[in-house]
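*Asks:* First the structure, then my questions, so here it is.
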Amino acid sequence: MSGPSHVKDLLIEPGAAGRAQLIDYLASGVRPREDWKIGTEHEKFGFRSDDLRPPTFDGERGIEALLKGLVRFGWEPVEEPTDSGPRVIALTRDGASVSLEPAGQLELSGAPLDTLHETCREASTHLHEVRSVAEPMGLGFLGMGFQPKWRRDEMPWMPKGRYKIMREYMPKVGQLGLDMMTRTCTVQVNLDVGSEADMVKKFRVSLALQSIATALFADSPFTEGQPNGFLSYRSQIWTDTDAGRTGLLDFVFEDGFGYERYVDYLLDVPMYFVYRDGRYIDAAGQSFRDYLDGRLPAYPGHTPTLQDWADHSTTAFPEVRLKKYLEMRGADSGPWNRICALPAFWTGLLYDDTALDAAWDLVKDFSLAEIHALRDGVPRHAFKLPFRNGTVLDLARRAVQIAAHGLARRARLNDNDSDESIFLGPLMELVEAGSTSAERKLELFHGPWRGSVDPVFREFAY
């Protein structure tokens, strides 16, 4: 989840001129190919090594103490006012940030980087730093899509104003929103576009293939210590979180789609908050259109700024999200090497023209009904979900192959003259075996683990 943005605080004009500002804001993200970057985000569950419980925010073994411990690596602390005074809730360094999800899941939002080699070094450096601070505190970290052991009421809450508003609002619009907040983790990648037409093509390809990424990264088969019947329960959680801001965006596939249509979508996404002077004003469920007219009940007589618009754009949670770039949002978090595999998969598909054309050829005749059937069926069945005359495994194998060829053509080499396709190794192994990480963990649960999920915290910790 994103925190408040930091765009220039310009007032949005009323009427058509203001709507044009919003469109121009999104379009301002267009970059020439030589400036395209890769920004990777990944979340992970903290746990106390002695009892496997998630750490609270406070205390000697708490999340705030961990954040303060990371300051020695050159991170700058970010504080937020709370009822008990300013508290450290995030860190920043060189274009990257470390932040907290609602239950203390630790997130690295990586800097925009040129190559996957840099991305993977960044992730590895971060995990080494976290481990060096966490181990003396008796803490560990685990990458999975859903908390495998603890109930929702056993998860702590972080003292962030945004999360207090969401915590109160979520039960009004879905049954599983609080689970999304407290018990899920993901890995995402943010990728640039070269024009509006390029954005449209990449958006359509990535929406159509997002369920394939969900299958490739499926790693959330347990709930409260038992198999839950899904392979990506994290993905299933999103189907009953908040229909007003989640899911597939069918209009992306309609003729004439572009920045203007996405602005209209965002204007209809219910608000959560207005962020002013370091504090969050509760506007949950209210209309940004009313805010444009100065009629927002939570903040009457005021009109929004571009910063408000940027903040509002972070409160929509579709499978693919458009800001000034595209965010791929369909994957479970997982082990260390799959953090690098997710940006490799999408970079290979979207940053090479031949690969993008091949990916479009793969999906261009998918009907909306088929795209929805993939979205509905993959969380439970992953690779084994039937599709046309084959299965999702066939689509996954082809998509990984296209991505590998795209990365090879990019020809961004490391010191050993290896191109970026090396980071697809974990996905190639999965499609070769025809089995997801979730299914492998289920085999361990029913075999060597003897019906317990506790070993996952030891065997799969970072």
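Numbering starts fresh at 1 for the residues of each chain in the structure tokens, the chains themselves are lettered A, B, ... in the order given, and ligands are numbered from 1 as they appear.
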Report as a tab-separated table: every residue of stretch 155-251 of chain A with an atom at most 8 Å from stretch 67-85 of chain A, its closest pair of atoms, and their distance in Å to one decimal, counting only C-alpha atoms, with rows sorted by chain and ascending residue number.
*Replies:*
```
residue	atom	partner	partner_atom	distance
A:Pro159	CA	A:Thr82	CA	6.9
A:Lys160	CA	A:Glu80	CA	7.3
A:Gly161	CA	A:Thr82	CA	7.9
```
*Asks:* Atoms to include: C-alpha atoms. Write the selected residues as a compact mmCIF listing (two decimals), in the first residue's frame.
*Replies:*
```txt
# COMPACT_ATOMS: atom_id res chain seq x y z
CA PRO A 159 -0.49 3.45 14.31
CA LYS A 160 -0.99 5.02 10.88
CA GLY A 161 -3.91 7.37 10.30
```
*Asks:* Within stretch 329-405 of chain A, find each residue whose DSSP state, derived from the backbone, is helix (DSSP H, G or I), and express the selection as a PyMOL selection string.
*Replies:* chain A and resi 336-350+353-363+368-384+392-405
*Asks:* Do a neighbour search on A:Ala111 at 12 Å with only C-alpha atoms, toss out local chain neighbours closer than 5 positions, and write the hits as a list of chain:residue names.
*Replies:* A:Lys37, A:Ile38, A:Gly39, A:Thr40, A:Glu41, A:Thr92, A:Arg93, A:Asp94, A:Gly95, A:Ala96, A:Ser97, A:Val98, A:Leu116, A:Glu118, A:Thr119, A:Cys120, A:Arg121, A:Glu122, A:Ala123, A:His126, A:Val189, A:Asn190, A:Leu191
*Asks:* Output C-alpha atoms of each residue in that selection to a file, as a PDB file, in the first residue's frame.
*Replies:*
```pdb
ATOM      1  CA  LYS A  37      12.870   2.198 -15.216  1.00  0.00           C
ATOM      2  CA  ILE A  38      11.976  -0.808 -13.075  1.00  0.00           C
ATOM      3  CA  GLY A  39      10.556  -0.263  -9.597  1.00  0.00           C
ATOM      4  CA  THR A  40       9.991  -3.338  -7.431  1.00  0.00           C
ATOM      5  CA  GLU A  41       7.960  -3.533  -4.225  1.00  0.00           C
ATOM      6  CA  THR A  92      13.718   6.660   2.920  1.00  0.00           C
ATOM      7  CA  ARG A  93      17.057   6.360   1.094  1.00  0.00           C
ATOM      8  CA  ASP A  94      18.184   7.107  -2.454  1.00  0.00           C
ATOM      9  CA  GLY A  95      14.723   7.026  -4.006  1.00  0.00           C
ATOM     10  CA  ALA A  96      13.608   3.913  -2.102  1.00  0.00           C
ATOM     11  CA  SER A  97      11.494   3.565   1.029  1.00  0.00           C
ATOM     12  CA  VAL A  98      10.756   1.034   3.741  1.00  0.00           C
ATOM     13  CA  LEU A 116      16.998  -6.207 -13.141  1.00  0.00           C
ATOM     14  CA  GLU A 118      20.316  -3.545 -10.012  1.00  0.00           C
ATOM     15  CA  THR A 119      16.843  -4.455  -8.797  1.00  0.00           C
ATOM     16  CA  CYS A 120      18.005  -7.791  -7.453  1.00  0.00           C
ATOM     17  CA  ARG A 121      21.036  -6.220  -5.747  1.00  0.00           C
ATOM     18  CA  GLU A 122      18.723  -3.694  -4.124  1.00  0.00           C
ATOM     19  CA  ALA A 123      16.403  -6.423  -2.809  1.00  0.00           C
ATOM     20  CA  HIS A 126      17.628  -4.733   1.864  1.00  0.00           C
ATOM     21  CA  VAL A 189       6.640  -4.147 -10.190  1.00  0.00           C
ATOM     22  CA  ASN A 190       6.108  -0.646 -11.579  1.00  0.00           C
ATOM     23  CA  LEU A 191       6.910  -0.127 -15.255  1.00  0.00           C
TER      24      LEU A 191
END
```
*Asks:* To one decimal place, how far is atom CA of A:Asp242 from atom CA of A:Gly46 in Å?
*Replies:*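 Result for atom CA of A:Asp242 versus atom CA of A:Gly46: 26.1 Å, one decimal.
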*Asks:* Grab the atom CA of A:Arg338 to atom CA of A:Leu176 distance for me, in Å with one decimal place.
*Replies:*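 These atoms are spaced 26.1 Å apart.
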*Asks:* For A:Tyr462, please output as a CSV table (one decimal) with N, CA and C atoms, in the first residue's frame all residues within 12 Å (counting only C-alpha atoms; exclusion window: fewer than 6 positions along the same chain).
*Replies:*
```
chain,number,residue,atom,x,y,z
A,43,GLU,N,6.6,-7.2,0.0
A,43,GLU,CA,6.2,-7.2,1.4
A,43,GLU,C,6.5,-8.6,2.0
A,44,LYS,N,6.7,-8.6,3.3
A,44,LYS,CA,7.0,-9.8,4.1
A,44,LYS,C,6.5,-9.7,5.5
A,45,PHE,N,6.1,-10.9,6.0
A,45,PHE,CA,5.6,-11.1,7.4
A,45,PHE,C,6.8,-11.1,8.4
A,46,GLY,N,6.7,-10.3,9.4
A,46,GLY,CA,7.6,-10.5,10.5
A,46,GLY,C,7.1,-11.5,11.5
A,47,PHE,N,8.0,-12.2,12.2
A,47,PHE,CA,7.6,-13.1,13.2
A,47,PHE,C,8.6,-13.2,14.3
A,123,ALA,N,17.2,-5.5,-3.7
A,123,ALA,CA,16.4,-6.4,-2.8
A,123,ALA,C,17.3,-7.2,-1.9
A,124,SER,N,18.4,-7.7,-2.4
A,124,SER,CA,19.3,-8.5,-1.6
A,124,SER,C,19.9,-7.7,-0.5
A,126,HIS,N,18.7,-5.0,0.9
A,126,HIS,CA,17.6,-4.7,1.9
A,126,HIS,C,17.4,-5.9,2.8
A,127,LEU,N,17.3,-7.1,2.2
A,127,LEU,CA,17.1,-8.3,3.1
A,127,LEU,C,18.2,-8.6,4.0
A,128,HIS,N,19.5,-8.4,3.5
A,128,HIS,CA,20.6,-8.5,4.4
A,128,HIS,C,20.6,-7.5,5.6
A,129,GLU,N,20.2,-6.3,5.2
A,129,GLU,CA,20.1,-5.3,6.3
A,129,GLU,C,19.1,-5.6,7.3
A,130,VAL,N,17.9,-6.0,6.8
A,130,VAL,CA,16.8,-6.3,7.7
A,130,VAL,C,17.2,-7.5,8.6
A,131,ARG,N,17.8,-8.5,8.0
A,131,ARG,CA,18.2,-9.7,8.8
A,131,ARG,C,19.2,-9.3,9.9
A,132,SER,N,20.2,-8.5,9.5
A,132,SER,CA,21.2,-8.1,10.5
A,132,SER,C,20.7,-7.4,11.7
A,134,ALA,N,17.2,-7.7,12.6
A,134,ALA,CA,16.1,-8.5,13.1
A,134,ALA,C,16.7,-9.7,14.0
A,135,GLU,N,17.7,-10.3,13.5
A,135,GLU,CA,18.2,-11.5,14.2
A,135,GLU,C,18.5,-11.3,15.7
A,139,LEU,N,13.8,-11.8,15.8
A,139,LEU,CA,12.8,-11.7,14.8
A,139,LEU,C,13.3,-12.3,13.5
A,140,GLY,N,12.3,-12.8,12.7
A,140,GLY,CA,12.6,-13.3,11.4
A,140,GLY,C,11.5,-12.8,10.4
A,141,PHE,N,11.7,-13.0,9.1
A,141,PHE,CA,10.8,-12.6,8.1
A,141,PHE,C,10.5,-13.7,7.1
A,142,LEU,N,9.3,-13.7,6.6
A,142,LEU,CA,8.8,-14.8,5.8
A,142,LEU,C,8.1,-14.2,4.6
A,143,GLY,N,8.3,-14.7,3.4
A,143,GLY,CA,7.6,-14.3,2.2
A,143,GLY,C,6.6,-15.3,1.8
A,144,MET,N,5.3,-15.0,2.0
A,144,MET,CA,4.2,-15.8,1.5
A,144,MET,C,3.0,-14.8,1.2
A,333,SER,N,3.5,-12.7,-2.5
A,333,SER,CA,4.9,-12.7,-2.0
A,333,SER,C,5.5,-14.1,-1.9
A,334,GLY,N,6.8,-14.2,-1.9
A,334,GLY,CA,7.4,-15.5,-1.8
A,334,GLY,C,8.8,-15.5,-1.4
A,335,PRO,N,9.6,-16.5,-1.7
A,335,PRO,CA,11.0,-16.6,-1.2
A,335,PRO,C,11.9,-15.6,-2.0
A,336,TRP,N,13.0,-15.5,-1.5
A,336,TRP,CA,14.0,-14.5,-1.9
A,336,TRP,C,14.2,-14.4,-3.4
A,337,ASN,N,14.4,-15.6,-4.1
A,337,ASN,CA,14.7,-15.6,-5.5
A,337,ASN,C,13.4,-15.2,-6.3
A,338,ARG,N,12.2,-15.3,-5.8
A,338,ARG,CA,11.1,-15.0,-6.6
A,338,ARG,C,10.8,-13.5,-6.5
A,339,ILE,N,11.4,-12.8,-5.6
A,339,ILE,CA,11.3,-11.3,-5.6
A,339,ILE,C,11.8,-10.8,-6.9
A,456,VAL,N,7.2,-23.8,8.3
A,456,VAL,CA,7.4,-22.9,7.2
A,456,VAL,C,8.2,-21.7,7.6
```
*Asks:* Considering only C-alpha atoms, return as a list in words whatever protein or nucleic-acid residues lie within 8 Å of stretch 440-453 of chain A, sequence-local ones (same chain, fewer than 6 positions apart) excluded.
*Replies:*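 Once the adjacent positions are removed, what remains is Pro148, Lys149, Pro221, Phe222, Gly225, Gln226 and Pro227 of chain A.
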*Asks:* Keeping C-alpha atoms for every residue in the selection just given, could you write it to a file as a short mmCIF file (atom, residue, chain, number, x, y, z; two decimals), in the first residue's frame?
*Replies:*
```
data_model
loop_
_atom_site.label_atom_id
_atom_site.label_comp_id
_atom_site.auth_asym_id
_atom_site.auth_seq_id
_atom_site.Cartn_x
_atom_site.Cartn_y
_atom_site.Cartn_z
CA PRO A 148 -0.27 -19.14 7.36
CA LYS A 149 -0.84 -19.40 11.11
CA PRO A 221 -2.44 -22.30 0.70
CA PHE A 222 -2.85 -22.05 4.50
CA GLY A 225 -2.67 -23.50 10.36
CA GLN A 226 -4.72 -25.54 7.91
CA PRO A 227 -5.06 -25.87 4.13
#
```
*Asks:* Quick one: of A:Glu196, A:Glu254, A:Glu370, A:Asp376, who's nearest to A:Tyr233, counting only C-alpha atoms?
*Replies:* A:Asp376
*Asks:* Please report, as an NGL selection string, each residue of stretch 36-266 of chain A to which DSSP assigns strand (DSSP E) when run on this structure's backbone.
*Replies:* :A and (38-48 or 76-80 or 87-93 or 96-100 or 106-109 or 139-142 or 186-191 or 222-223 or 226-227 or 246-247)
*Asks:* Can you list, as a list in words, every protein, DNA or RNA residue that comes within 6 Å of A:Phe383 when you count only C-alpha atoms, leaving out same-chain residues fewer than 2 positions away?
*Replies:*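 With the cut-off at 6 Å, the set is Ala215, Leu385, Val392 and Leu393 of chain A.
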*Asks:* Please produce a file of those selected residues containing C-alpha atoms, as a PDB file, in the first residue's frame.
*Replies:*
```
ATOM      1  CA  ALA A 215      -0.692 -18.854 -10.919  1.00  0.00           C
ATOM      2  CA  LEU A 385      -7.302 -24.632 -14.397  1.00  0.00           C
ATOM      3  CA  VAL A 392      -3.258 -22.381 -17.453  1.00  0.00           C
ATOM      4  CA  LEU A 393       0.078 -24.196 -17.288  1.00  0.00           C
TER       5      LEU A 393
END
```
*Asks:* Under the rule that only C-alpha atoms are counted, which of A:Arg397, A:Arg458, A:His405, A:Tyr262 is the nearest residue to A:Lys323?
*Replies:*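 Counting only C-alpha atoms, the residue closest to A:Lys323 is A:Tyr262.
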*Asks:* For stretch 129-238 of chain A against stretch 101-110 of chain A, with a cut-off of 9 Å and counting only C-alpha atoms, what is the closest atom pair and its distance in Å to one decimal for every residue that makes the cut, ordered by chain and number, as a tab-separated table?
*Replies:*
```
residue	atom	partner	partner_atom	distance
A:Phe141	CA	A:Leu106	CA	8.7
A:Met155	CA	A:Ala103	CA	6.0
A:Pro156	CA	A:Ala103	CA	5.1
A:Trp157	CA	A:Ala103	CA	4.7
A:Met158	CA	A:Pro102	CA	5.5
A:Pro159	CA	A:Pro102	CA	8.3
A:Lys160	CA	A:Pro102	CA	7.8
A:Tyr163	CA	A:Pro102	CA	6.1
A:Lys164	CA	A:Pro102	CA	8.8
A:Arg167	CA	A:Pro102	CA	8.9
A:Met181	CA	A:Pro102	CA	5.6
A:Thr182	CA	A:Ala103	CA	4.7
A:Arg183	CA	A:Ala103	CA	7.4
A:Thr184	CA	A:Gln105	CA	8.4
A:Cys185	CA	A:Gln105	CA	7.3
```
*Asks:* Set the distance at 10 Å and use only C-alpha atoms: which residues neighbour A:Phe230 once local chain neighbours fewer than 5 positions away are removed? I'd like the list as a list in words.
*Replies:* Ala218, Asp219, Ser220, Pro221, Phe222, Thr223, Ser235, Gln236, Gly377, Val378, Pro379, Arg380, His381, Ala382, Ala438 and Glu439 of chain A
*Asks:* Can you write out the residues you just picked, keeping N, CA and C atoms, as a PDB file, in the first residue's frame?
*Replies:*
```pdb
ATOM      1  N   ALA A 218       1.670 -18.366  -7.052  1.00  0.00           N
ATOM      2  CA  ALA A 218       0.730 -18.840  -6.034  1.00  0.00           C
ATOM      3  C   ALA A 218       1.470 -19.423  -4.835  1.00  0.00           C
ATOM      4  N   ASP A 219       1.235 -18.832  -3.667  1.00  0.00           N
ATOM      5  CA  ASP A 219       1.976 -19.255  -2.470  1.00  0.00           C
ATOM      6  C   ASP A 219       1.217 -18.862  -1.202  1.00  0.00           C
ATOM      7  N   SER A 220      -0.061 -19.200  -1.166  1.00  0.00           N
ATOM      8  CA  SER A 220      -0.829 -18.901   0.052  1.00  0.00           C
ATOM      9  C   SER A 220      -1.910 -19.955   0.281  1.00  0.00           C
ATOM     10  N   PRO A 221      -1.485 -21.207   0.588  1.00  0.00           N
ATOM     11  CA  PRO A 221      -2.443 -22.303   0.705  1.00  0.00           C
ATOM     12  C   PRO A 221      -2.949 -22.563   2.123  1.00  0.00           C
ATOM     13  N   PHE A 222      -2.492 -21.772   3.109  1.00  0.00           N
ATOM     14  CA  PHE A 222      -2.848 -22.053   4.499  1.00  0.00           C
ATOM     15  C   PHE A 222      -3.578 -20.871   5.131  1.00  0.00           C
ATOM     16  N   THR A 223      -4.535 -21.180   5.982  1.00  0.00           N
ATOM     17  CA  THR A 223      -5.213 -20.195   6.817  1.00  0.00           C
ATOM     18  C   THR A 223      -5.335 -20.772   8.216  1.00  0.00           C
ATOM     19  N   SER A 235      -5.046 -13.899  -3.529  1.00  0.00           N
ATOM     20  CA  SER A 235      -5.807 -13.445  -4.684  1.00  0.00           C
ATOM     21  C   SER A 235      -7.309 -13.554  -4.434  1.00  0.00           C
ATOM     22  N   GLN A 236      -7.736 -14.618  -3.802  1.00  0.00           N
ATOM     23  CA  GLN A 236      -9.160 -14.786  -3.500  1.00  0.00           C
ATOM     24  C   GLN A 236      -9.664 -13.702  -2.561  1.00  0.00           C
ATOM     25  N   GLY A 377     -10.932 -18.610 -11.454  1.00  0.00           N
ATOM     26  CA  GLY A 377     -10.512 -19.983 -11.220  1.00  0.00           C
ATOM     27  C   GLY A 377      -9.084 -20.174 -10.759  1.00  0.00           C
ATOM     28  N   VAL A 378      -8.197 -19.247 -11.122  1.00  0.00           N
ATOM     29  CA  VAL A 378      -6.777 -19.421 -10.806  1.00  0.00           C
ATOM     30  C   VAL A 378      -6.486 -19.446  -9.303  1.00  0.00           C
ATOM     31  N   PRO A 379      -7.130 -18.631  -8.468  1.00  0.00           N
ATOM     32  CA  PRO A 379      -6.788 -18.689  -7.043  1.00  0.00           C
ATOM     33  C   PRO A 379      -6.910 -20.092  -6.445  1.00  0.00           C
ATOM     34  N   ARG A 380      -7.845 -20.871  -6.917  1.00  0.00           N
ATOM     35  CA  ARG A 380      -8.027 -22.223  -6.381  1.00  0.00           C
ATOM     36  C   ARG A 380      -7.207 -23.267  -7.141  1.00  0.00           C
ATOM     37  N   HIS A 381      -7.132 -23.143  -8.473  1.00  0.00           N
ATOM     38  CA  HIS A 381      -6.578 -24.223  -9.282  1.00  0.00           C
ATOM     39  C   HIS A 381      -5.212 -23.916  -9.885  1.00  0.00           C
ATOM     40  N   ALA A 382      -4.845 -22.654 -10.016  1.00  0.00           N
ATOM     41  CA  ALA A 382      -3.551 -22.235 -10.565  1.00  0.00           C
ATOM     42  C   ALA A 382      -3.290 -22.919 -11.915  1.00  0.00           C
ATOM     43  N   ALA A 438       2.800 -23.214  -3.764  1.00  0.00           N
ATOM     44  CA  ALA A 438       1.747 -23.563  -2.811  1.00  0.00           C
ATOM     45  C   ALA A 438       1.562 -25.077  -2.734  1.00  0.00           C
ATOM     46  N   GLU A 439       1.562 -25.738  -3.877  1.00  0.00           N
ATOM     47  CA  GLU A 439       1.387 -27.191  -3.884  1.00  0.00           C
ATOM     48  C   GLU A 439       2.578 -27.899  -3.240  1.00  0.00           C
TER      49      GLU A 439
END
```
*Asks:* Go through A:Asp332, A:Glu429, A:Asp51, A:Asp240 and flag the residue nearest A:Pro171, using only C-alpha atoms for the distances.
*Replies:*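 Among the listed residues, the smallest separation from A:Pro171 belongs to A:Asp240.
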